[in-house]
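So this block is upload16.cif, mmCIF, C-alpha atoms and all ligand atoms:
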```
data_coords
#
loop_
_atom_site.label_atom_id
_atom_site.label_comp_id
_atom_site.auth_asym_id
_atom_site.auth_seq_id
_atom_site.Cartn_x
_atom_site.Cartn_y
_atom_site.Cartn_z
CA MET A 1 -70.67 -14.46 0.44
CA SER A 2 -72.79 -12.26 -1.81
CA ALA A 3 -73.24 -8.58 -1.02
CA LEU A 4 -76.95 -9.13 -0.59
CA LYS A 5 -76.42 -11.79 2.04
CA GLU A 6 -73.85 -9.55 3.77
CA GLU A 7 -76.29 -6.70 3.95
CA GLU A 8 -78.95 -8.99 5.36
CA ILE A 9 -76.61 -10.13 8.12
CA PHE A 10 -75.68 -6.52 8.85
CA LEU A 11 -79.31 -5.39 9.12
CA LYS A 12 -80.15 -8.36 11.29
CA LYS A 13 -77.38 -7.38 13.70
CA ILE A 14 -78.74 -3.82 13.86
CA GLU A 15 -82.22 -5.20 14.43
CA GLU A 16 -81.03 -7.50 17.22
CA GLU A 17 -78.91 -4.82 18.90
CA THR A 18 -75.70 -6.70 18.14
CA LYS A 19 -72.85 -4.21 17.83
CA ILE A 20 -71.08 -3.81 14.51
CA GLU A 21 -67.33 -4.38 14.90
CA PRO A 22 -64.47 -3.05 12.72
CA LYS A 23 -63.90 -6.21 10.69
CA ASP A 24 -67.58 -6.93 10.11
CA TRP A 25 -69.09 -6.20 6.73
CA MET A 26 -70.91 -2.86 6.69
CA PRO A 27 -72.47 -0.70 3.96
CA GLU A 28 -70.11 1.94 2.64
CA ALA A 29 -72.50 4.72 3.67
CA TYR A 30 -72.59 3.36 7.24
CA ARG A 31 -68.81 3.46 7.36
CA LYS A 32 -68.71 6.99 5.93
CA THR A 33 -71.37 8.35 8.26
CA ASN A 34 -69.55 6.90 11.25
CA ILE A 35 -66.21 8.29 10.10
CA ARG A 36 -67.76 11.73 9.69
CA GLN A 37 -69.65 11.69 12.95
CA ILE A 38 -66.90 10.19 15.12
CA SER A 39 -64.16 12.42 13.71
CA GLN A 40 -66.23 15.56 14.07
CA HIS A 41 -67.06 14.53 17.58
CA ALA A 42 -63.33 14.04 18.23
CA HIS A 43 -62.53 17.46 16.79
CA SER A 44 -65.18 18.98 19.06
CA GLU A 45 -63.47 17.54 22.13
CA ILE A 46 -60.11 18.95 21.09
CA VAL A 47 -61.27 22.36 19.83
CA GLY A 48 -63.41 22.65 22.97
CA THR A 49 -60.26 22.83 25.06
CA LEU A 50 -59.22 26.08 23.36
CA PRO A 51 -61.74 28.48 24.93
CA GLU A 52 -61.17 26.79 28.30
CA GLY A 53 -57.40 26.81 27.93
CA ASN A 54 -57.51 30.59 27.79
CA TRP A 55 -58.63 30.60 31.40
CA ILE A 56 -56.10 28.30 33.09
CA GLY A 57 -53.81 31.20 33.89
CA ARG A 58 -56.69 33.47 34.89
CA ALA A 59 -58.74 31.07 37.02
CA PRO A 60 -59.38 32.82 40.37
CA SER A 61 -57.69 30.27 42.66
CA LEU A 62 -55.27 27.36 42.65
CA LYS A 63 -58.18 25.00 43.25
CA ARG A 64 -60.02 26.29 40.18
CA LYS A 65 -56.85 26.06 38.07
CA LEU A 66 -56.38 22.42 39.05
CA ILE A 67 -60.00 21.58 38.31
CA LEU A 68 -59.86 23.30 34.93
CA LEU A 69 -56.58 21.57 34.04
CA ALA A 70 -58.06 18.19 34.94
CA LYS A 71 -61.16 18.88 32.85
CA ILE A 72 -59.11 19.96 29.85
CA GLN A 73 -56.92 16.87 30.15
CA ASP A 74 -60.08 14.76 30.16
CA GLU A 75 -61.34 16.48 27.00
CA ALA A 76 -58.05 15.84 25.22
CA GLY A 77 -58.39 12.20 26.29
CA HIS A 78 -61.94 12.12 24.91
CA GLY A 79 -60.59 13.38 21.61
CA LEU A 80 -58.06 10.53 21.59
CA TYR A 81 -60.62 7.82 22.44
CA LEU A 82 -62.69 9.04 19.52
CA TYR A 83 -59.83 9.44 17.04
CA SER A 84 -58.90 5.83 17.84
CA ALA A 85 -62.47 4.65 17.32
CA CYS A 86 -62.50 6.49 14.00
CA GLU A 87 -59.28 4.83 12.85
CA THR A 88 -60.87 1.40 13.19
CA LEU A 89 -63.00 2.36 10.18
CA GLY A 90 -59.97 2.55 7.94
CA ILE A 91 -59.07 6.24 7.89
CA THR A 92 -55.68 7.37 9.18
CA ARG A 93 -55.28 9.75 12.08
CA GLU A 94 -53.50 12.14 9.81
CA GLU A 95 -56.28 12.28 7.22
CA THR A 96 -58.76 12.98 10.01
CA ILE A 97 -56.69 15.81 11.40
CA ASN A 98 -56.03 17.24 7.94
CA ASP A 99 -59.77 17.39 7.33
CA LEU A 100 -60.13 19.59 10.40
CA HIS A 101 -57.31 21.86 9.31
CA SER A 102 -58.59 22.19 5.77
CA GLY A 103 -62.07 23.12 6.97
CA LYS A 104 -63.62 20.02 5.41
CA ALA A 105 -64.52 18.49 8.76
CA LYS A 106 -66.55 20.46 11.26
CA TYR A 107 -66.72 20.53 15.03
CA ALA A 108 -69.49 21.59 17.41
CA SER A 109 -70.16 25.22 16.55
CA ILE A 110 -70.55 26.11 20.22
CA PHE A 111 -66.78 26.42 20.45
CA ASN A 112 -66.81 29.30 18.01
CA TYR A 113 -68.17 31.56 20.73
CA PRO A 114 -65.69 33.49 22.89
CA THR A 115 -65.22 33.10 26.66
CA LEU A 116 -65.42 36.67 27.98
CA THR A 117 -65.43 36.27 31.76
CA TRP A 118 -64.58 33.66 34.38
CA ALA A 119 -68.29 32.87 34.73
CA ASP A 120 -68.22 31.58 31.15
CA ILE A 121 -66.11 28.64 32.30
CA GLY A 122 -68.77 27.68 34.82
CA ALA A 123 -71.51 28.15 32.22
CA ILE A 124 -69.65 25.97 29.74
CA GLY A 125 -69.29 23.14 32.25
CA TRP A 126 -72.92 23.30 33.24
CA LEU A 127 -74.61 24.03 29.90
CA VAL A 128 -72.22 22.92 27.16
CA ASP A 129 -70.98 19.76 28.86
CA GLY A 130 -74.54 19.25 30.05
CA ALA A 131 -75.86 19.31 26.48
CA ALA A 132 -72.99 17.11 25.30
CA ILE A 133 -73.80 14.56 28.02
CA MET A 134 -77.40 14.22 26.76
CA ASN A 135 -76.03 13.27 23.35
CA GLN A 136 -73.28 11.10 24.71
CA VAL A 137 -75.44 9.06 27.06
CA MET A 138 -77.60 8.21 24.06
CA LEU A 139 -74.50 7.35 22.03
CA THR A 140 -73.35 4.72 24.53
CA ARG A 141 -76.02 2.64 22.75
CA THR A 142 -74.91 3.49 19.23
CA SER A 143 -74.58 0.53 16.88
CA TYR A 144 -70.86 0.78 16.07
CA GLY A 145 -68.96 -1.04 18.83
CA PRO A 146 -65.78 1.06 19.13
CA TYR A 147 -67.83 4.30 19.17
CA ALA A 148 -70.17 2.95 21.84
CA ARG A 149 -67.24 1.82 24.01
CA ALA A 150 -65.51 5.19 23.69
CA MET A 151 -68.77 6.82 24.78
CA VAL A 152 -68.99 4.65 27.89
CA LYS A 153 -65.52 5.81 28.94
CA ILE A 154 -66.38 9.43 28.17
CA CYS A 155 -69.66 9.43 30.03
CA LYS A 156 -67.95 8.15 33.18
CA GLU A 157 -65.79 11.28 33.13
CA GLU A 158 -68.31 13.87 32.00
CA SER A 159 -70.43 14.21 35.10
CA PHE A 160 -67.49 15.78 36.93
CA HIS A 161 -67.37 18.40 34.16
CA GLN A 162 -70.96 19.42 34.56
CA ARG A 163 -70.88 19.39 38.34
CA GLN A 164 -67.76 21.51 38.64
CA GLY A 165 -69.31 24.07 36.27
CA PHE A 166 -72.54 24.25 38.22
CA GLU A 167 -70.71 24.47 41.53
CA SER A 168 -68.55 27.30 40.27
CA LEU A 169 -71.69 29.22 39.20
CA LEU A 170 -73.28 28.43 42.56
CA VAL A 171 -70.39 30.19 44.30
CA LEU A 172 -70.78 33.23 42.04
CA SER A 173 -74.55 33.28 42.55
CA LYS A 174 -73.99 33.67 46.29
CA GLY A 175 -71.28 36.31 45.86
CA THR A 176 -71.25 40.08 45.40
CA THR A 177 -73.73 41.86 43.14
CA GLU A 178 -71.02 42.06 40.51
CA GLN A 179 -70.39 38.33 40.68
CA GLN A 180 -74.10 37.62 40.43
CA GLN A 181 -74.35 39.82 37.35
CA MET A 182 -71.39 38.04 35.81
CA CYS A 183 -73.10 34.71 36.42
CA GLN A 184 -76.38 35.86 34.82
CA ASP A 185 -74.54 37.41 31.88
CA ALA A 186 -72.69 34.18 31.13
CA ILE A 187 -75.93 32.20 31.26
CA ASN A 188 -77.55 34.73 28.92
CA ARG A 189 -74.82 34.32 26.35
CA TRP A 190 -74.42 30.52 26.52
CA TRP A 191 -78.04 29.40 26.76
CA TRP A 192 -79.06 29.69 23.11
CA PRO A 193 -75.80 28.38 21.62
CA ALA A 194 -76.11 25.40 24.00
CA LEU A 195 -79.58 24.67 22.59
CA MET A 196 -78.15 24.87 19.08
CA MET A 197 -75.75 22.03 19.93
CA PHE A 198 -78.56 19.55 19.34
CA GLY A 199 -78.66 20.43 15.64
CA PRO A 200 -81.48 21.56 13.35
CA LYS A 201 -85.15 20.94 14.05
CA ASP A 202 -86.48 17.48 13.21
CA SER A 203 -88.94 19.04 10.75
CA GLU A 204 -86.09 20.51 8.69
CA SER A 205 -85.13 17.08 7.51
CA THR A 206 -85.80 16.17 3.90
CA ASN A 207 -83.91 12.88 3.72
CA SER A 208 -85.09 9.66 5.19
CA ASP A 209 -83.34 9.38 8.48
CA GLN A 210 -80.72 6.75 7.87
CA SER A 211 -78.73 7.43 11.05
CA MET A 212 -81.77 6.54 13.09
CA LYS A 213 -82.47 3.36 11.09
CA TRP A 214 -78.90 2.22 11.51
CA LYS A 215 -79.11 3.09 15.20
CA ILE A 216 -76.07 5.32 15.01
CA LYS A 217 -78.33 7.93 16.57
CA ARG A 218 -81.11 6.80 18.90
CA LYS A 219 -83.08 9.91 19.78
CA SER A 220 -84.09 12.86 17.63
CA ASN A 221 -82.55 16.32 17.94
CA ASP A 222 -85.76 17.86 19.24
CA GLU A 223 -86.31 15.09 21.74
CA LEU A 224 -82.86 15.55 23.26
CA ARG A 225 -83.19 19.33 23.19
CA GLN A 226 -86.48 19.19 25.07
CA ASN A 227 -84.98 16.87 27.70
CA PHE A 228 -82.17 19.37 28.13
CA VAL A 229 -84.54 22.35 28.56
CA ASP A 230 -86.56 20.43 31.15
CA MET A 231 -83.43 19.54 33.09
CA ILE A 232 -81.81 23.00 33.04
CA ALA A 233 -85.04 24.89 33.77
CA GLU A 234 -85.19 23.02 37.07
CA GLN A 235 -81.50 23.23 37.93
CA ILE A 236 -81.32 26.99 37.42
CA LYS A 237 -83.68 27.50 40.35
CA PHE A 238 -80.81 26.57 42.68
CA LEU A 239 -78.77 29.42 41.24
CA GLY A 240 -81.56 31.99 41.60
CA MET A 241 -80.78 33.01 38.00
CA LYS A 242 -83.01 33.21 34.91
CA LEU A 243 -82.80 31.67 31.46
CA PRO A 244 -82.95 34.36 28.73
CA ASP A 245 -86.28 33.21 27.29
CA ASP A 246 -89.58 35.03 28.00
CA LYS A 247 -91.55 32.12 26.61
CA LEU A 248 -90.10 29.57 29.02
CA LYS A 249 -93.01 28.19 31.01
CA TRP A 250 -94.00 24.85 32.55
CA ASN A 251 -96.75 23.18 30.53
CA ASN A 252 -98.70 21.02 32.89
CA LYS A 253 -100.58 19.24 30.10
CA LYS A 254 -97.47 18.15 28.25
CA LYS A 255 -95.49 17.71 31.45
CA GLN A 256 -92.62 19.60 29.92
CA TYR A 257 -91.47 23.19 29.45
CA ASP A 258 -92.66 25.38 26.59
CA TRP A 259 -90.00 27.69 25.33
CA GLY A 260 -89.07 30.20 22.60
CA GLU A 261 -87.41 29.89 19.22
CA ILE A 262 -83.76 29.45 18.32
CA ASN A 263 -82.24 32.06 16.01
CA TRP A 264 -81.62 29.69 13.11
CA GLU A 265 -79.95 32.29 10.99
CA GLU A 266 -77.23 32.63 13.59
CA PHE A 267 -77.02 28.84 13.78
CA TRP A 268 -76.32 28.44 10.04
CA ASN A 269 -73.94 31.35 10.03
CA VAL A 270 -71.74 29.87 12.72
CA ILE A 271 -71.76 26.45 11.02
CA LYS A 272 -70.70 28.02 7.75
CA GLY A 273 -67.66 29.47 9.44
CA ASN A 274 -68.84 32.99 10.23
CA GLY A 275 -68.96 32.59 14.01
CA PRO A 276 -67.02 34.96 16.23
CA CYS A 277 -64.04 32.59 16.63
CA ASN A 278 -64.13 30.10 13.72
CA PHE A 279 -60.94 31.29 12.12
CA GLU A 280 -59.08 31.64 15.40
CA ARG A 281 -59.92 28.09 16.52
CA VAL A 282 -58.74 26.33 13.36
CA ALA A 283 -55.69 28.59 13.21
CA ALA A 284 -54.79 27.60 16.78
CA ARG A 285 -55.06 23.89 15.91
CA LYS A 286 -52.94 24.29 12.80
CA LYS A 287 -50.32 26.22 14.67
CA ALA A 288 -50.13 23.53 17.36
CA TRP A 289 -49.80 20.84 14.67
CA GLU A 290 -47.11 22.68 12.75
CA ASN A 291 -45.14 23.63 15.86
CA GLY A 292 -45.28 20.02 17.01
CA GLU A 293 -43.80 18.69 13.78
CA TRP A 294 -40.20 18.74 15.02
CA VAL A 295 -41.23 16.85 18.17
CA ARG A 296 -42.86 14.12 16.10
CA GLN A 297 -39.82 13.89 13.88
CA ALA A 298 -37.41 13.84 16.81
CA ALA A 299 -39.36 11.03 18.50
CA VAL A 300 -39.20 8.92 15.34
CA ALA A 301 -35.47 9.60 14.93
CA HIS A 302 -34.89 8.67 18.55
CA SER A 303 -36.77 5.40 18.30
CA ASN A 304 -35.02 4.49 15.03
CA LYS A 305 -31.67 5.18 16.62
CA SER A 306 -32.36 3.06 19.69
CA LYS A 307 -33.48 0.18 17.42
CA THR A 308 -30.12 0.09 15.64
CA LYS A 309 -28.12 0.14 18.88
CA MET B 1 -84.85 31.76 6.08
CA LYS B 2 -85.97 28.32 5.02
CA GLN B 3 -83.30 25.84 4.03
CA PHE B 4 -83.51 22.29 2.82
CA ILE B 5 -80.84 20.27 4.41
CA ASN B 6 -79.80 16.77 5.20
CA LYS B 7 -80.60 15.91 8.73
CA PHE B 8 -77.58 16.09 10.96
CA TYR B 9 -76.66 15.70 14.54
CA TYR B 10 -74.18 16.73 17.16
CA GLY B 11 -70.83 15.63 15.82
CA ASP B 12 -72.26 14.88 12.39
CA ILE B 13 -72.43 17.93 10.18
CA PRO B 14 -72.74 17.03 6.49
CA GLU B 15 -69.93 18.05 4.21
CA SER B 16 -72.26 20.11 2.02
CA ASN B 17 -72.38 22.61 4.84
CA SER B 18 -68.63 22.97 4.97
CA GLY B 19 -67.48 26.53 4.84
CA ASN B 20 -64.07 27.95 4.01
CA SER B 21 -61.27 25.68 2.99
CA ILE B 22 -57.76 26.14 4.22
CA ILE B 23 -54.86 24.14 2.88
CA SER B 24 -53.00 22.35 5.61
CA THR B 25 -49.47 21.05 5.71
CA GLU B 26 -48.89 17.33 5.76
CA SER B 27 -46.71 15.57 8.23
CA LYS B 28 -44.28 12.92 7.09
CA THR B 29 -43.91 11.27 10.44
CA ASP B 30 -46.45 8.60 11.15
CA TRP B 31 -46.16 7.09 14.59
CA PRO B 32 -47.30 3.46 14.62
CA LEU B 33 -50.56 2.43 16.27
CA TRP B 34 -50.47 0.50 19.57
CA GLU B 35 -53.18 -1.45 21.37
CA VAL B 36 -53.41 -0.86 25.11
CA PHE B 37 -54.29 -3.52 27.69
CA LEU B 38 -54.92 -2.66 31.34
CA ARG B 39 -54.94 -4.78 34.48
CA SER B 40 -57.56 -2.94 36.51
CA LYS B 41 -56.38 -4.46 39.78
CA GLN B 42 -53.93 -7.01 41.05
CA GLY B 43 -55.09 -10.56 40.37
CA LEU B 44 -57.19 -9.77 37.29
CA ASP B 45 -56.41 -10.29 33.60
CA HIS B 46 -55.19 -7.50 31.35
CA LYS B 47 -58.09 -6.30 29.24
CA HIS B 48 -58.09 -4.39 25.97
CA THR B 49 -59.00 -0.77 26.63
CA GLY B 50 -58.12 1.22 23.51
CA SER B 51 -55.34 2.29 21.22
CA LEU B 52 -52.98 5.18 20.60
CA HIS B 53 -50.05 6.35 18.50
CA ALA B 54 -46.50 6.46 19.81
CA ALA B 55 -43.00 6.40 18.37
CA ASN B 56 -41.93 3.43 20.50
CA ALA B 57 -43.06 1.09 23.27
CA GLN B 58 -41.89 3.24 26.14
CA MET B 59 -43.71 6.26 24.79
CA ALA B 60 -46.78 4.10 24.19
CA ILE B 61 -46.80 3.09 27.86
CA GLU B 62 -46.37 6.67 29.01
CA ASN B 63 -49.15 7.90 26.73
CA ALA B 64 -51.38 5.01 27.81
CA ARG B 65 -50.91 6.07 31.41
CA ASP B 66 -52.01 9.63 30.57
CA VAL B 67 -54.87 8.68 28.28
CA TYR B 68 -56.32 5.55 29.88
CA THR B 69 -55.48 5.67 33.59
CA ARG B 70 -56.30 9.18 34.80
CA ARG B 71 -58.56 7.78 37.52
CA MET B 72 -56.68 4.70 38.70
CA GLU B 73 -58.23 2.48 36.03
CA GLY B 74 -55.14 0.30 35.99
CA VAL B 75 -52.21 -1.03 37.99
CA SER B 76 -50.37 -2.50 35.00
CA ILE B 77 -50.19 -1.62 31.31
CA TRP B 78 -49.39 -3.77 28.28
CA VAL B 79 -48.89 -2.23 24.87
CA VAL B 80 -48.67 -4.23 21.63
CA GLU B 81 -48.07 -2.74 18.24
CA SER B 82 -51.37 -3.20 16.41
CA LYS B 83 -49.77 -4.76 13.35
CA ASN B 84 -48.62 -7.67 15.53
CA ILE B 85 -52.13 -8.66 16.50
CA HIS B 86 -53.63 -11.51 14.49
CA ALA B 87 -57.37 -11.92 14.67
CA SER B 88 -59.82 -14.59 13.65
CA ASN B 89 -61.91 -13.76 10.61
CA PRO B 90 -65.48 -12.72 11.55
CA ASP B 91 -66.78 -14.36 8.35
CA GLU B 92 -65.54 -17.71 9.60
CA SER B 93 -67.02 -17.38 13.04
CA GLU B 94 -69.75 -19.91 12.27
CA SER B 95 -67.43 -22.70 11.25
CA LEU B 96 -64.98 -21.73 13.98
CA TYR B 97 -67.36 -21.81 16.92
CA ASP B 98 -70.24 -23.98 15.75
CA PRO B 99 -68.66 -27.36 16.55
CA SER B 100 -68.88 -26.60 20.28
CA ASN B 101 -72.62 -25.88 20.08
CA ASP B 102 -73.64 -29.55 20.05
CA LYS B 103 -71.26 -30.61 22.81
CA ILE B 104 -73.57 -29.78 25.67
CA TYR B 105 -71.98 -32.56 27.75
CA ARG B 106 -69.08 -30.14 28.24
CA HIS B 107 -71.24 -28.12 30.59
CA ALA B 108 -71.86 -29.03 34.21
CA SER B 109 -75.59 -28.44 33.83
CA PHE B 110 -75.81 -31.44 31.42
CA TYR B 111 -75.64 -33.90 34.31
CA GLN B 112 -78.85 -34.59 36.25
CA LEU B 113 -78.01 -35.54 39.82
CA PRO B 114 -80.20 -36.14 42.90
CA ASP B 115 -81.15 -32.90 44.72
CA GLU B 116 -79.90 -34.41 47.98
CA LEU B 117 -76.39 -34.34 46.61
CA LYS B 118 -75.22 -30.93 47.72
CA HIS B 119 -72.17 -28.96 46.72
CA MET B 120 -71.25 -30.59 43.39
FE FE C 401 -65.67 15.53 26.60
FE FE C 402 -66.60 17.47 29.10
#
```
In structure tokens, how does this file's structure come out?
Ligand SMILES: [Fe+2]
Ligand SMILES: [Fe+2]
Amino acid sequence: MSALKEEEIFLKKIEEETKIEPKDWMPEAYRKTNIRQISQHAHSEIVGTLPEGNWIGRAPSLKRKLILLAKIQDEAGHGLYLYSACETLGITREETINDLHSGKAKYASIFNYPTLTWADIGAIGWLVDGAAIMNQVMLTRTSYGPYARAMVKICKEESFHQRQGFESLLVLSKGTTEQQQMCQDAINRWWWPALMMFGPKDSESTNSDQSMKWKIKRKSNDELRQNFVDMIAEQIKFLGMKLPDDKLKWNNKKKQYDWGEINWEEFWNVIKGNGPCNFERVAARKKAWENGEWVRQAAVAHSNKSKTK
Amino acid sequence: MKQFINKFYYGDIPESNSGNSIISTESKTDWPLWEVFLRSKQGLDHKHTGSLHAANAQMAIENARDVYTRRMEGVSIWVVESKNIHASNPDESESLYDPSNDKIYRHASFYQLPDELKHM
């Protein structure tokens, strides 16, 4: 079949909402974009466990430790679903992981912010997982089959993450003055970085939006971000807390909230690797990989030995 | 600060924005890839659910339990090394499946029977 015909078939599938599967013909740029997006998404799941992992030992009760452990285990699982989806595009697991370690591949910059108090763990569940869910629900309809299926699995598990975070903040919001302050402080620090998770403004785009045409992405950054603001602005009322934005106000005409402006300079800085924890996060991943080398080797030696028996 | 950039999304940051580069060490131990099939409950077929890396079958089953059945998604696990799976070629799907298209008499709905005849 000629390449032209192949491309026609591919575009027709996209048009008709037929999923693209690993062995189907696809344009090289479609493959590359998916590899980049899925692997960076996978890295985000894994790196995201680092700030939370710091709090397993310090969680205030056995119940909270168990919940946090279960959430972190889920996130590691999400990373694996996504690494597997990525491999179907013809890149090895090792290459993918090496790209993270070398700094070539990125992960959600939100995880380059530190977790200073216990309330941060609640705020992460509510705001960071909340923002991730908005993206992920949309991605269950993405055009690449394995990615969409991984997203369906992930979305089933995510709502527990957001609910446990909100519930943990709810407890703090009804606690002592100190606990209430801790809760508000965490919200103050996580709100803007959570909004940055949706990426740059739609108007900052100079290229034609190929991801949208190929239905890899199905809603624009600004659209998702606005949905998120509208959702959180309502939910926060139950906490009796405030979002750190003087301009936040319900707009009855537009039937949505008006709100302030993201500090884009900070956004680009963190992406470029100058966030508070960029170095620490990648260093932690590399250390885990290097320290695990002997385990990987031992497992191979063991399985080779049992084969020859 | 105005920047011209390629549009990007959550989980898709273009490489041009990559920052520092660190050289990483390479591992020489590649664990093979396994496909995981789960029986969600007794009496149902095993269904493909995902894949993972493991050094051998036993480890693949243990990892599959941790990765794919954290919420009782399965009562039985099959693992098959991915290289042992043979698949039909998607390019041939037309010639492979087309012949059954014109055999509508293979479907029960092909046969017109009197309405009074119930339960058939
Ligand atoms: Fe996740
Ligand atoms: Fe999550």
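Closest approach to chain B among A:Leu100, A:Leu239, A:Leu170, A:Ala3: A:Leu100, based on only C-alpha atoms.
Every residue of chain A that lies within 6 Å of chain B is listed here, counting all atoms listed in the file: Gln37, Gln40, His41, Gly77, His101, Ser102, Gly103, Lys104, Phe198, Gly199, Ser205, Asn207, Lys272, Gly273, Gln297, Ala299, Val300 and Ser303 of chain A.
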Problem set entry | Residue among B:Val36, B:Leu113, B:Glu92, B:Arg106 lying closest to Ala60 in chain B, counting all atoms listed in the file | B:Val36
For this session: Extract, using all atoms listed in the file, all DNA, RNA and protein residues at most 6 Å from range 141-149 of chain A, discarding same-chain residues fewer than 3 positions from it, and format them as a PyMOL selection string.
Result: chain A and resi 19-21+85+138+152+215-216
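For Ser44 in chain A, the non-local neighbours within 10 Å, defined as residues at least 5 positions apart in the same chain or in other chains and counting all atoms listed in the file, are A:Ile38, A:Ser39, A:Thr49, A:Glu75, A:Ala76, A:His78, A:Gly79, A:Lys106, A:Tyr107, A:Ala108, A:Ser109, A:Ile110, A:Phe111, B:Tyr10, B:Gly11.
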For this session: Compute the set of protein, DNA and RNA residues whose minimum atom distance to ligand FE 402 (chain C) is at most 12 Å, using all atoms listed in the file, and state it as a ChimeraX atom specification.
Result: /A:41-42,44-49,52,68-79,121-122,124-136,151,153-165
File of the preceding selection, C-alpha atoms, as a PDB file, keeping the file's coordinate frame:
```pdb
ATOM      1  CA  HIS A  41     -67.060  14.530  17.580  1.00  0.00           C
ATOM      2  CA  ALA A  42     -63.330  14.040  18.230  1.00  0.00           C
ATOM      3  CA  SER A  44     -65.180  18.980  19.060  1.00  0.00           C
ATOM      4  CA  GLU A  45     -63.470  17.540  22.130  1.00  0.00           C
ATOM      5  CA  ILE A  46     -60.110  18.950  21.090  1.00  0.00           C
ATOM      6  CA  VAL A  47     -61.270  22.360  19.830  1.00  0.00           C
ATOM      7  CA  GLY A  48     -63.410  22.650  22.970  1.00  0.00           C
ATOM      8  CA  THR A  49     -60.260  22.830  25.060  1.00  0.00           C
ATOM      9  CA  GLU A  52     -61.170  26.790  28.300  1.00  0.00           C
ATOM     10  CA  LEU A  68     -59.860  23.300  34.930  1.00  0.00           C
ATOM     11  CA  LEU A  69     -56.580  21.570  34.040  1.00  0.00           C
ATOM     12  CA  ALA A  70     -58.060  18.190  34.940  1.00  0.00           C
ATOM     13  CA  LYS A  71     -61.160  18.880  32.850  1.00  0.00           C
ATOM     14  CA  ILE A  72     -59.110  19.960  29.850  1.00  0.00           C
ATOM     15  CA  GLN A  73     -56.920  16.870  30.150  1.00  0.00           C
ATOM     16  CA  ASP A  74     -60.080  14.760  30.160  1.00  0.00           C
ATOM     17  CA  GLU A  75     -61.340  16.480  27.000  1.00  0.00           C
ATOM     18  CA  ALA A  76     -58.050  15.840  25.220  1.00  0.00           C
ATOM     19  CA  GLY A  77     -58.390  12.200  26.290  1.00  0.00           C
ATOM     20  CA  HIS A  78     -61.940  12.120  24.910  1.00  0.00           C
ATOM     21  CA  GLY A  79     -60.590  13.380  21.610  1.00  0.00           C
ATOM     22  CA  ILE A 121     -66.110  28.640  32.300  1.00  0.00           C
ATOM     23  CA  GLY A 122     -68.770  27.680  34.820  1.00  0.00           C
ATOM     24  CA  ILE A 124     -69.650  25.970  29.740  1.00  0.00           C
ATOM     25  CA  GLY A 125     -69.290  23.140  32.250  1.00  0.00           C
ATOM     26  CA  TRP A 126     -72.920  23.300  33.240  1.00  0.00           C
ATOM     27  CA  LEU A 127     -74.610  24.030  29.900  1.00  0.00           C
ATOM     28  CA  VAL A 128     -72.220  22.920  27.160  1.00  0.00           C
ATOM     29  CA  ASP A 129     -70.980  19.760  28.860  1.00  0.00           C
ATOM     30  CA  GLY A 130     -74.540  19.250  30.050  1.00  0.00           C
ATOM     31  CA  ALA A 131     -75.860  19.310  26.480  1.00  0.00           C
ATOM     32  CA  ALA A 132     -72.990  17.110  25.300  1.00  0.00           C
ATOM     33  CA  ILE A 133     -73.800  14.560  28.020  1.00  0.00           C
ATOM     34  CA  MET A 134     -77.400  14.220  26.760  1.00  0.00           C
ATOM     35  CA  ASN A 135     -76.030  13.270  23.350  1.00  0.00           C
ATOM     36  CA  GLN A 136     -73.280  11.100  24.710  1.00  0.00           C
ATOM     37  CA  MET A 151     -68.770   6.820  24.780  1.00  0.00           C
ATOM     38  CA  LYS A 153     -65.520   5.810  28.940  1.00  0.00           C
ATOM     39  CA  ILE A 154     -66.380   9.430  28.170  1.00  0.00           C
ATOM     40  CA  CYS A 155     -69.660   9.430  30.030  1.00  0.00           C
ATOM     41  CA  LYS A 156     -67.950   8.150  33.180  1.00  0.00           C
ATOM     42  CA  GLU A 157     -65.790  11.280  33.130  1.00  0.00           C
ATOM     43  CA  GLU A 158     -68.310  13.870  32.000  1.00  0.00           C
ATOM     44  CA  SER A 159     -70.430  14.210  35.100  1.00  0.00           C
ATOM     45  CA  PHE A 160     -67.490  15.780  36.930  1.00  0.00           C
ATOM     46  CA  HIS A 161     -67.370  18.400  34.160  1.00  0.00           C
ATOM     47  CA  GLN A 162     -70.960  19.420  34.560  1.00  0.00           C
ATOM     48  CA  ARG A 163     -70.880  19.390  38.340  1.00  0.00           C
ATOM     49  CA  GLN A 164     -67.760  21.510  38.640  1.00  0.00           C
ATOM     50  CA  GLY A 165     -69.310  24.070  36.270  1.00  0.00           C
TER      51      GLY A 165
END
```
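In terms of minimum interatomic distance to ligand FE 401 (chain C), A:Leu80 ranks closest within A:Leu80, A:Ala283, A:Ile67, A:Ala233, counting only C-alpha atoms and all ligand atoms.
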Problem set entry | Point-to-point distance in Å for CA of Ala194 in chain A and CA of Phe267 in chain A | 10.8 Å
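The space between CA of Val270 in chain A and CA of Tyr113 in chain A spans 8.9 Å.
Here CA of Lys247 in chain A stands at a distance of 5.1 Å from CA of Gly260 in chain A.
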Set the distance at 9 Å and use only C-alpha atoms: which residues neighbour Phe10 in chain A once local chain neighbours fewer than 2 positions away are removed? I'd like the list as a short mmCIF file (atom, residue, chain, number, x, y, z; two decimals) with C-alpha atoms, in the coordinates of the input.
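What landed in around-v5.cif:
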```cif
data_model
loop_
_atom_site.label_atom_id
_atom_site.label_comp_id
_atom_site.auth_asym_id
_atom_site.auth_seq_id
_atom_site.Cartn_x
_atom_site.Cartn_y
_atom_site.Cartn_z
CA LYS A 5 -76.42 -11.79 2.04
CA GLU A 6 -73.85 -9.55 3.77
CA GLU A 7 -76.29 -6.70 3.95
CA GLU A 8 -78.95 -8.99 5.36
CA LYS A 12 -80.15 -8.36 11.29
CA LYS A 13 -77.38 -7.38 13.70
CA ILE A 14 -78.74 -3.82 13.86
CA GLU A 15 -82.22 -5.20 14.43
CA ILE A 20 -71.08 -3.81 14.51
CA ASP A 24 -67.58 -6.93 10.11
CA TRP A 25 -69.09 -6.20 6.73
CA MET A 26 -70.91 -2.86 6.69
CA PRO A 27 -72.47 -0.70 3.96
#
```
